[in-house]
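Visitor: Structure incoming, see below.
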Amino acid sequence: MSTTSGSAKWQGGIKDGRGAISTKSGALSDYPYGFASRFEGKPGSNPEELIGAAHAACFTMALSLILGEAKLTAEQMETKADVTLEKQGDGFAITAIHLTLTAKIPGADDATFQDCAAKAKAGCPVSKLLSTKITLDAKLVN
């Protein structure tokens, strides 16, 4: 279907080094990342937030498709993906992703909305890629 790309550069050691992330589209161009932005809350990006953004975007698009199949159209949807990185053994692992969705969908009842959201969580390509625990809180607002 399609292939796209992202890239990263790195210079130096793990703690004193620095990297830059870029995307084919140019949405990110040599955007900084490193140990301090990943583990110490310093400015810059990190792989986990990029995975979170990708997962939130993919899930929300998939939900739009599934809603359309149910003859519903969202007026507004906002999804946040909290990505948990934990120490495991000698390394680290992403152990969970929690999706929080708030949506305004005219004509939708909560049962239909919850069913569509669950299908999107299970079926979006990023969810299928990740072998970690994925949870979802979905709230329908007026």
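Each chain in the structure tokens gets a letter, A, B, ..., in the order shown, and its residues are numbered from 1; ligands are numbered from 1 in order too.
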Using DSSP on the backbone, list every residue of region 6-120 of chain A that comes out as helix (DSSP H, G or I), and give them as a PyMOL selection string.

Guide: chain A and resi 35-39+47-69+110-120

Visitor: Can you write out the residues you just picked, keeping C-alpha atoms, as a PDB file, in the first residue's frame?

Guide:
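The resulting file, result37.pdb, is reproduced below:
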```pdb
ATOM      1  CA  PHE A  35      18.692  10.861  27.572  1.00  0.00           C
ATOM      2  CA  ALA A  36      17.645  14.031  29.414  1.00  0.00           C
ATOM      3  CA  SER A  37      14.427  14.449  27.399  1.00  0.00           C
ATOM      4  CA  ARG A  38      13.611  10.768  27.741  1.00  0.00           C
ATOM      5  CA  PHE A  39      14.353  10.157  31.413  1.00  0.00           C
ATOM      6  CA  PRO A  47      10.518   7.654  21.286  1.00  0.00           C
ATOM      7  CA  GLU A  48       7.667   7.052  23.726  1.00  0.00           C
ATOM      8  CA  GLU A  49       5.910  10.350  23.032  1.00  0.00           C
ATOM      9  CA  LEU A  50       6.251   9.746  19.302  1.00  0.00           C
ATOM     10  CA  ILE A  51       4.703   6.292  19.702  1.00  0.00           C
ATOM     11  CA  GLY A  52       1.931   7.888  21.779  1.00  0.00           C
ATOM     12  CA  ALA A  53       1.209  10.500  19.122  1.00  0.00           C
ATOM     13  CA  ALA A  54       1.229   7.875  16.378  1.00  0.00           C
ATOM     14  CA  HIS A  55      -1.076   5.586  18.350  1.00  0.00           C
ATOM     15  CA  ALA A  56      -3.510   8.394  19.237  1.00  0.00           C
ATOM     16  CA  ALA A  57      -3.641   9.517  15.601  1.00  0.00           C
ATOM     17  CA  CYS A  58      -4.081   6.007  14.212  1.00  0.00           C
ATOM     18  CA  PHE A  59      -6.768   5.041  16.742  1.00  0.00           C
ATOM     19  CA  THR A  60      -8.730   8.255  16.152  1.00  0.00           C
ATOM     20  CA  MET A  61      -8.620   7.817  12.361  1.00  0.00           C
ATOM     21  CA  ALA A  62      -9.720   4.189  12.691  1.00  0.00           C
ATOM     22  CA  LEU A  63     -12.590   5.267  14.928  1.00  0.00           C
ATOM     23  CA  SER A  64     -13.669   7.819  12.322  1.00  0.00           C
ATOM     24  CA  LEU A  65     -13.871   5.004   9.746  1.00  0.00           C
ATOM     25  CA  ILE A  66     -15.809   2.709  12.095  1.00  0.00           C
ATOM     26  CA  LEU A  67     -18.210   5.502  13.047  1.00  0.00           C
ATOM     27  CA  GLY A  68     -18.825   6.171   9.358  1.00  0.00           C
ATOM     28  CA  GLU A  69     -19.718   2.513   8.858  1.00  0.00           C
ATOM     29  CA  ASP A 110     -23.086   5.455  24.508  1.00  0.00           C
ATOM     30  CA  ALA A 111     -23.369   1.722  23.769  1.00  0.00           C
ATOM     31  CA  THR A 112     -22.734   2.209  20.038  1.00  0.00           C
ATOM     32  CA  PHE A 113     -19.926   4.668  20.780  1.00  0.00           C
ATOM     33  CA  GLN A 114     -18.204   2.267  23.218  1.00  0.00           C
ATOM     34  CA  ASP A 115     -18.507  -0.600  20.717  1.00  0.00           C
ATOM     35  CA  CYS A 116     -17.002   1.488  17.905  1.00  0.00           C
ATOM     36  CA  ALA A 117     -14.176   2.725  20.165  1.00  0.00           C
ATOM     37  CA  ALA A 118     -13.336  -0.838  21.247  1.00  0.00           C
ATOM     38  CA  LYS A 119     -13.216  -1.959  17.607  1.00  0.00           C
ATOM     39  CA  ALA A 120     -10.897   0.936  16.743  1.00  0.00           C
TER      40      ALA A 120
END
```

Visitor: Which residues are near His98 (chain A)? Cut-off 7 Å, only C-alpha atoms, ignore same chain within fewer than 3 positions. Put them as a PyMOL selection string.

Guide: chain A and resi 81-83+134-136

Visitor: Go ahead and write the residues just picked, C-alpha atoms, as a JSON list (two decimals), in the first residue's frame.

Guide:
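So again05.json came out as:
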```json
[["chain", "number", "residue", "atom", "x", "y", "z"],
["A", 81, "ALA", "CA", -2.09, 8.09, 24.58],
["A", 82, "ASP", "CA", -0.13, 7.68, 27.81],
["A", 83, "VAL", "CA", 2.86, 5.44, 27.12],
["A", 134, "ILE", "CA", -3.57, -1.30, 25.67],
["A", 135, "THR", "CA", -6.44, 0.13, 27.71],
["A", 136, "LEU", "CA", -9.11, 2.67, 26.80]]
```

Visitor: Excluding region 10-26 of chain A and its own-chain neighbours fewer than 5 positions away, which residues fall within 9 Å of it when counting only C-alpha atoms? Please give them as a ChimeraX atom specification.

Guide: /A:4-5,31-36,45-46

Visitor: If we count only C-alpha atoms, what is near Ile105 (chain A) at a cut-off of 6 Å, once residues fewer than 2 positions away on the same chain are taken out, given as a PDB file with N, CA and C atoms, in the first residue's frame?

Guide:
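Full text of out.pdb as output:
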```pdb
ATOM      1  N   ALA A  74     -18.213  12.155  13.650  1.00  0.00           N
ATOM      2  CA  ALA A  74     -17.780  12.898  14.838  1.00  0.00           C
ATOM      3  C   ALA A  74     -17.705  14.384  14.529  1.00  0.00           C
ATOM      4  N   GLU A  75     -18.213  15.164  15.458  1.00  0.00           N
ATOM      5  CA  GLU A  75     -18.021  16.613  15.380  1.00  0.00           C
ATOM      6  C   GLU A  75     -16.630  16.958  15.903  1.00  0.00           C
ATOM      7  N   ALA A 108     -25.125   9.741  18.403  1.00  0.00           N
ATOM      8  CA  ALA A 108     -24.553   8.488  18.929  1.00  0.00           C
ATOM      9  C   ALA A 108     -25.058   8.213  20.339  1.00  0.00           C
TER      10      ALA A 108
END
```

Visitor: Restricting the calculation to only C-alpha atoms: of A:Ala103, A:Leu85, A:Ile94, A:Ala27, which residue gets closest to Leu72 (chain A)?

Guide: A:Ala103

Visitor: What parts of region 37-128 of chain A does DSSP call strand (DSSP E or B)? I'd like the answer as a list in words.

Guide: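 The residues of region 37-128 of chain A classed as strand (DSSP E or B) are Ser45, Gln76, Met77, Glu78, Thr79, Lys80, Ala81, Asp82, Val83, Thr84, Leu85, Glu86, Lys87, Gln88, Gly91, Phe92, Ala93, Ile94, Thr95, Ala96, Ile97, His98, Leu99, Thr100, Leu101, Thr102, Ala103 and Lys104 of chain A.
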